[in-house]
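Some notes on the structure that comes next.
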Amino acid sequence: MVFICFVLDLRSLSPPLLRDLKQSMLQLANFYAISSPTSSTSSSRSKRLLDRIGLCYLFKNRLSRTDELKVAYSTRGNFSLRDFHHAVHNLPSEAFLPDFNGSGALCCSDLKLSSILNDKVLYSWGGHSKDITRKVVLISSCIFETLDSATKKVLTDAAANCISVEFVFLEQNSSHLADIPESINKFSKQIGDLENCSFQNYIPDAHALSGLVKKWFQELKEGLEEQMQARFVFKINLLGSTNQISCNLCTSFNQIIDEFVPCKSCRCHGIPFDNSRTIPTDMSSCPVTGVELGVLDLVDSSVKIGEHTILYMPSFQCCQDLQKVPLPINFNVIERTNLSSLDEGIILGASYIVIPAFSELDDTDKSELNVKLFRVLCGILHSLDQGLVCSSNCNIETAKQTSFLCYYILLPSEKGVMILRRLAGSEEVFPVPDISNIACIPVSKDIENSLQASLLKIELRNYDPVQHNRGFHQRLNLLVKESLQFGAIPAKAKEPVTASNTALQDPVVEDLSVQANDVEVIEENVLDSIFADGKTSAKITEEWEQLVVLEMPKMSSPTCISKSKLHKEVSSPPPSTGKLDDKTARILERLEIPKQLKRKAASPTLSTFHTVSISSVKKPLIPFGPSNTDSQVIVLSQPIKPNFQRLKRKR
């Protein structure tokens, strides 16, 4: 975890430069407010951001004429975007009191580092954990020419406490009167023996300040997510026995959010409610403690900034819920750009193929003219090797309107179609990592020759996506094959087999249990009807007709059962003592096996299965009979007759 404390030397910063620096500080706080770890879970996203940015300033007391240091914003636990903005806006703007030396350069008498590098201020920020890294960034427009023994001791003690100090020199217009390179070299030599100190000088234009903000934000972001490490492995050796190159992966952009979301939150913790726009005010409770909240404890007009930051607003009017973008989407063409100078690192998101719209139902002349204009535009852009930069208030990946502009580039192709890609904006671009420390490492000619020879051995061909299979279908087919070997989960008892769950189950396994359950239900209902008081024979027959004759059984295919179980199931029930009428006799006869199949019931069951469809309500409850296909054999599935082996109920 990284803590950064900024110390602004207001004595040497002119009002215009201080105004730009204030905006840079606000931008850094805004970036940090919407940041979150890439591997964050739902529980971590509900937590608040920790305070990891401090702000101090140096000024000269006009009464005592002494240099003083004040803390404008210190780390107190959770990061407060409102308080940080308030501290930046309240930096004194009349503290510019420069001192010049004999050569006309700005000079400083004291940096007051001992006032910040001590146990009471920076050393105590974030606790005393060994995982915490602290850094001080001193921003000034003057170069401290000499370091006295007291200042060197402070810097040495800071190194012992794992605190780094970065001196940032912003050159102003009046600096041309002084010998800046000589002063820089002199100061660099004084801090050269201190490993925790570094020096950077910039001309404070818009690009330099934006780069500094992104650099500092990347340092804060490294505390939120781990840097990805990778290695590129070659099939051949590059030099000797080495066949790989190890690298670190750095993101080239930081995609920001598209909107600020209105929400409701508790005043005690500032945590938003889930689906807070639909929660009644009188039914709210604290998301942390669960305690019921009163009217004064609930903030109805809050705005969610990213995942961790909540702002209390006077009303919801400042932020509106974004809706789906109406079609067609408007892309406003801004400028042309040379594709050779386009940095591919700022291209993000998915690619969209752009073709001309043509409809024969609309005005044919307009449609044809639209196609002609598209083809000519694509051809001209391709011949010029240029693209069109466009802006839109739509994020085409989410198909929603955005609160901020999105930039796109329209790329031509030789095939007559164009490609639309998303471009990163100024807030999203990260500077290219500084590799000056490794660029100066000398490389021998033998390494170059060996690597070039190895590289030429690698096959060279145009990339064809058809020849680069990711292996999706092969892997999924293998998983399905293994799943078929496992079988299917049996259906729940007394659960009707519908068309949907029948398709998901194994047809060979499921039917016996389903059919047996259906027959058991019929038996129980019939027995209850027979032994119930007051039931007549005509009523019993009518219920049997409804259950057996008139109902269509739900089944799919027969299943294989063992021979012993087969004989057990076809055993005849004990003879009934009562006299049956004609309708009841016909019903019981339908539950018996046909006579032509009784002789085949003892034949062995084979392992080949087939599905017998039922097309008539008059067919037996359980399918049987030979298939029309000669290559398939008969599979018998015997019906389960009602078993009336129960004690008669006493009347």
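Quick note on naming: the chains in the structure tokens go A, B, ... in the order shown, residues restart at 1 in each chain, and ligands are numbered from 1 in order of appearance.
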*asked:* Could you pull out the alpha helix (DSSP H) residues of region 152-399 of chain A, going by DSSP on the backbone, and write them as JSON, numbers by chain?
replied: {"A": [152, 153, 154, 155, 156, 157, 158, 159, 160, 180, 181, 182, 183, 184, 185, 186, 187, 188, 189, 190, 206, 207, 208, 209, 210, 211, 212, 213, 214, 215, 216, 217, 218, 219, 220, 221, 222, 364, 365, 366, 367, 368, 369, 370, 371, 372, 373, 374, 375, 376, 377, 378, 379, 380, 381, 382, 383, 384]}
Can you write out the residues you just picked, keeping C-alpha atoms, as a tab-separated table (two decimals), in the first residue's frame?
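selection-v9.tsv written:
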chain	number	residue	atom	x	y	z
A	152	LYS	CA	20.77	15.37	5.02
A	153	LYS	CA	20.19	13.69	8.37
A	154	VAL	CA	16.42	14.01	7.91
A	155	LEU	CA	16.66	12.40	4.45
A	156	THR	CA	18.88	9.62	5.80
A	157	ASP	CA	16.41	8.86	8.61
A	158	ALA	CA	13.61	8.80	6.03
A	159	ALA	CA	15.50	6.18	4.05
A	160	ALA	CA	15.82	4.06	7.19
A	180	ILE	CA	19.26	26.00	-14.75
A	181	PRO	CA	21.39	23.05	-15.97
A	182	GLU	CA	24.24	23.97	-13.65
A	183	SER	CA	21.90	24.25	-10.65
A	184	ILE	CA	20.29	20.91	-11.49
A	185	ASN	CA	23.64	19.15	-11.76
A	186	LYS	CA	24.79	20.64	-8.47
A	187	PHE	CA	21.64	19.54	-6.64
A	188	SER	CA	21.68	16.07	-8.22
A	189	LYS	CA	25.21	15.51	-6.92
A	190	GLN	CA	24.12	16.39	-3.38
A	206	ALA	CA	-0.73	20.81	-20.01
A	207	HIS	CA	0.98	17.61	-21.21
A	208	ALA	CA	3.57	17.63	-18.44
A	209	LEU	CA	1.05	18.20	-15.65
A	210	SER	CA	-1.32	15.56	-17.06
A	211	GLY	CA	1.57	13.10	-17.23
A	212	LEU	CA	2.48	13.82	-13.62
A	213	VAL	CA	-1.10	13.19	-12.46
A	214	LYS	CA	-1.22	9.85	-14.32
A	215	LYS	CA	2.20	8.89	-12.93
A	216	TRP	CA	1.14	9.57	-9.35
A	217	PHE	CA	-2.17	7.79	-9.87
A	218	GLN	CA	-0.35	4.73	-11.21
A	219	GLU	CA	1.71	4.66	-8.03
A	220	LEU	CA	-1.49	4.73	-5.98
A	221	LYS	CA	-3.06	2.12	-8.23
A	222	GLU	CA	-0.16	-0.27	-7.68
A	364	THR	CA	-34.35	3.62	-53.43
A	365	ASP	CA	-32.54	6.70	-54.74
A	366	LYS	CA	-31.51	7.79	-51.25
A	367	SER	CA	-30.38	4.28	-50.35
A	368	GLU	CA	-28.27	3.96	-53.48
A	369	LEU	CA	-26.72	7.39	-52.91
A	370	ASN	CA	-25.91	6.40	-49.31
A	371	VAL	CA	-24.12	3.26	-50.52
A	372	LYS	CA	-22.15	5.20	-53.13
A	373	LEU	CA	-21.02	7.81	-50.59
A	374	PHE	CA	-19.93	5.07	-48.18
A	375	ARG	CA	-17.90	3.23	-50.82
A	376	VAL	CA	-16.18	6.39	-52.03
A	377	LEU	CA	-15.41	7.52	-48.46
A	378	CYS	CA	-13.91	4.14	-47.59
A	379	GLY	CA	-11.78	4.14	-50.73
A	380	ILE	CA	-10.45	7.67	-50.22
A	381	LEU	CA	-9.58	7.10	-46.57
A	382	HIS	CA	-7.83	3.83	-47.46
A	383	SER	CA	-5.78	5.48	-50.18
A	384	LEU	CA	-4.76	8.28	-47.77
Next item on the list: Write out as a VMD selection string each polymer residue whose atoms come within 10 Å of region 111-120 of chain A, counting only C-alpha atoms; drop sequence neighbours fewer than 5 positions from it.
Entry: chain A and resid 5 7 9 56 58 67 to 71 125 136 138 140 144 147 150 to 155 157 to 158 161 163 165
When you count only C-alpha atoms, which of these residues is closest to Tyr408 (chain A): A:Val333, A:Leu170, A:Leu460, A:Leu50?
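Ranking A:Val333, A:Leu170, A:Leu460, A:Leu50 by distance to Tyr408 (chain A), first place goes to A:Val333.
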| query | as a PyMOL selection string, which residues of region 52-209 of chain A does DSSP assign to strand (DSSP E or B)? | reply | chain A and resi 53-60+67-73+78+99-100+106-107+133-140+163-170+197-202
For C-alpha atoms, I'd like the residues from the last selection saved as a PDB file, in the first residue's frame.
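What landed in again.pdb:
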ATOM      1  CA  ILE A  53      -3.174  11.110  -0.151  1.00  0.00           C
ATOM      2  CA  GLY A  54      -1.828  13.899   2.040  1.00  0.00           C
ATOM      3  CA  LEU A  55      -1.388  17.581   1.219  1.00  0.00           C
ATOM      4  CA  CYS A  56       0.919  20.121   2.868  1.00  0.00           C
ATOM      5  CA  TYR A  57       2.264  23.513   1.826  1.00  0.00           C
ATOM      6  CA  LEU A  58       5.223  25.768   2.587  1.00  0.00           C
ATOM      7  CA  PHE A  59       4.686  29.518   2.981  1.00  0.00           C
ATOM      8  CA  LYS A  60       6.428  32.540   4.462  1.00  0.00           C
ATOM      9  CA  ASP A  67       9.183  29.805   6.691  1.00  0.00           C
ATOM     10  CA  GLU A  68       6.398  27.558   7.963  1.00  0.00           C
ATOM     11  CA  LEU A  69       4.773  24.286   6.937  1.00  0.00           C
ATOM     12  CA  LYS A  70       1.077  23.518   7.358  1.00  0.00           C
ATOM     13  CA  VAL A  71      -0.909  20.335   6.774  1.00  0.00           C
ATOM     14  CA  ALA A  72      -3.941  20.987   4.551  1.00  0.00           C
ATOM     15  CA  TYR A  73      -5.219  17.390   4.366  1.00  0.00           C
ATOM     16  CA  ASN A  78     -11.463   6.812   4.947  1.00  0.00           C
ATOM     17  CA  ASP A  99      13.647  35.123  -3.317  1.00  0.00           C
ATOM     18  CA  PHE A 100      16.295  35.527  -6.028  1.00  0.00           C
ATOM     19  CA  LEU A 106      14.647  31.570  -7.513  1.00  0.00           C
ATOM     20  CA  CYS A 107      16.192  30.335  -4.306  1.00  0.00           C
ATOM     21  CA  THR A 133       5.256   2.434   1.380  1.00  0.00           C
ATOM     22  CA  ARG A 134       5.376   6.188   1.986  1.00  0.00           C
ATOM     23  CA  LYS A 135       6.498   8.866  -0.419  1.00  0.00           C
ATOM     24  CA  VAL A 136       6.960  12.640  -0.198  1.00  0.00           C
ATOM     25  CA  VAL A 137       6.636  14.725  -3.389  1.00  0.00           C
ATOM     26  CA  LEU A 138       8.092  18.227  -2.989  1.00  0.00           C
ATOM     27  CA  ILE A 139       6.891  20.553  -5.795  1.00  0.00           C
ATOM     28  CA  SER A 140       8.731  23.834  -6.219  1.00  0.00           C
ATOM     29  CA  ILE A 163      10.274   6.680   2.863  1.00  0.00           C
ATOM     30  CA  SER A 164      11.212   8.005  -0.571  1.00  0.00           C
ATOM     31  CA  VAL A 165      11.486  11.696  -1.413  1.00  0.00           C
ATOM     32  CA  GLU A 166      10.924  13.056  -4.933  1.00  0.00           C
ATOM     33  CA  PHE A 167      11.944  16.624  -5.780  1.00  0.00           C
ATOM     34  CA  VAL A 168       9.846  18.022  -8.673  1.00  0.00           C
ATOM     35  CA  PHE A 169      11.197  21.221 -10.216  1.00  0.00           C
ATOM     36  CA  LEU A 170       8.733  23.188 -12.393  1.00  0.00           C
ATOM     37  CA  CYS A 197      15.844  10.581  -3.241  1.00  0.00           C
ATOM     38  CA  SER A 198      15.105  11.433  -6.883  1.00  0.00           C
ATOM     39  CA  PHE A 199      14.911  14.630  -8.922  1.00  0.00           C
ATOM     40  CA  GLN A 200      12.644  15.476 -11.880  1.00  0.00           C
ATOM     41  CA  ASN A 201      12.353  18.746 -13.807  1.00  0.00           C
ATOM     42  CA  TYR A 202       9.477  19.722 -16.125  1.00  0.00           C
TER      43      TYR A 202
END
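Note that CA of Arg422 (chain A) and CA of Ile347 (chain A) are 5.9 Å apart.
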Residue with the minimum atom-to-atom distance to Gln386 (chain A), picked from A:Glu195, A:Glu459, A:Glu335, A:Asp343 with only C-alpha atoms counted, is A:Glu335
Identify, on the basis of only C-alpha atoms, every residue whose closest approach to region 353-357 of chain A does not exceed 6 Å; exclude the query and any residue fewer than 3 positions from it along the same chain; express the result as a PyMOL selection string. chain A and resi 371+417-419
Put those residues in a file: N, CA and C atoms, as a tab-separated table (two decimals), in the first residue's frame.
chain	number	residue	atom	x	y	z
A	371	VAL	N	-25.11	4.32	-50.27
A	371	VAL	CA	-24.12	3.26	-50.52
A	371	VAL	C	-22.94	3.81	-51.31
A	417	VAL	N	-15.48	-2.38	-46.47
A	417	VAL	CA	-16.16	-2.15	-45.19
A	417	VAL	C	-15.23	-1.35	-44.29
A	418	MET	N	-15.76	-0.80	-43.22
A	418	MET	CA	-14.96	-0.03	-42.28
A	418	MET	C	-15.12	-0.60	-40.88
A	419	ILE	N	-14.20	-0.23	-40.00
A	419	ILE	CA	-14.18	-0.72	-38.63
A	419	ILE	C	-14.31	0.47	-37.68
Exercise. Hey, can you check how far CA of Leu348 (chain A) sits from CA of Leu423 (chain A)?
Worked result: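 About the pair CA of Leu348 (chain A) and CA of Leu423 (chain A): they are 6.0 Å apart.
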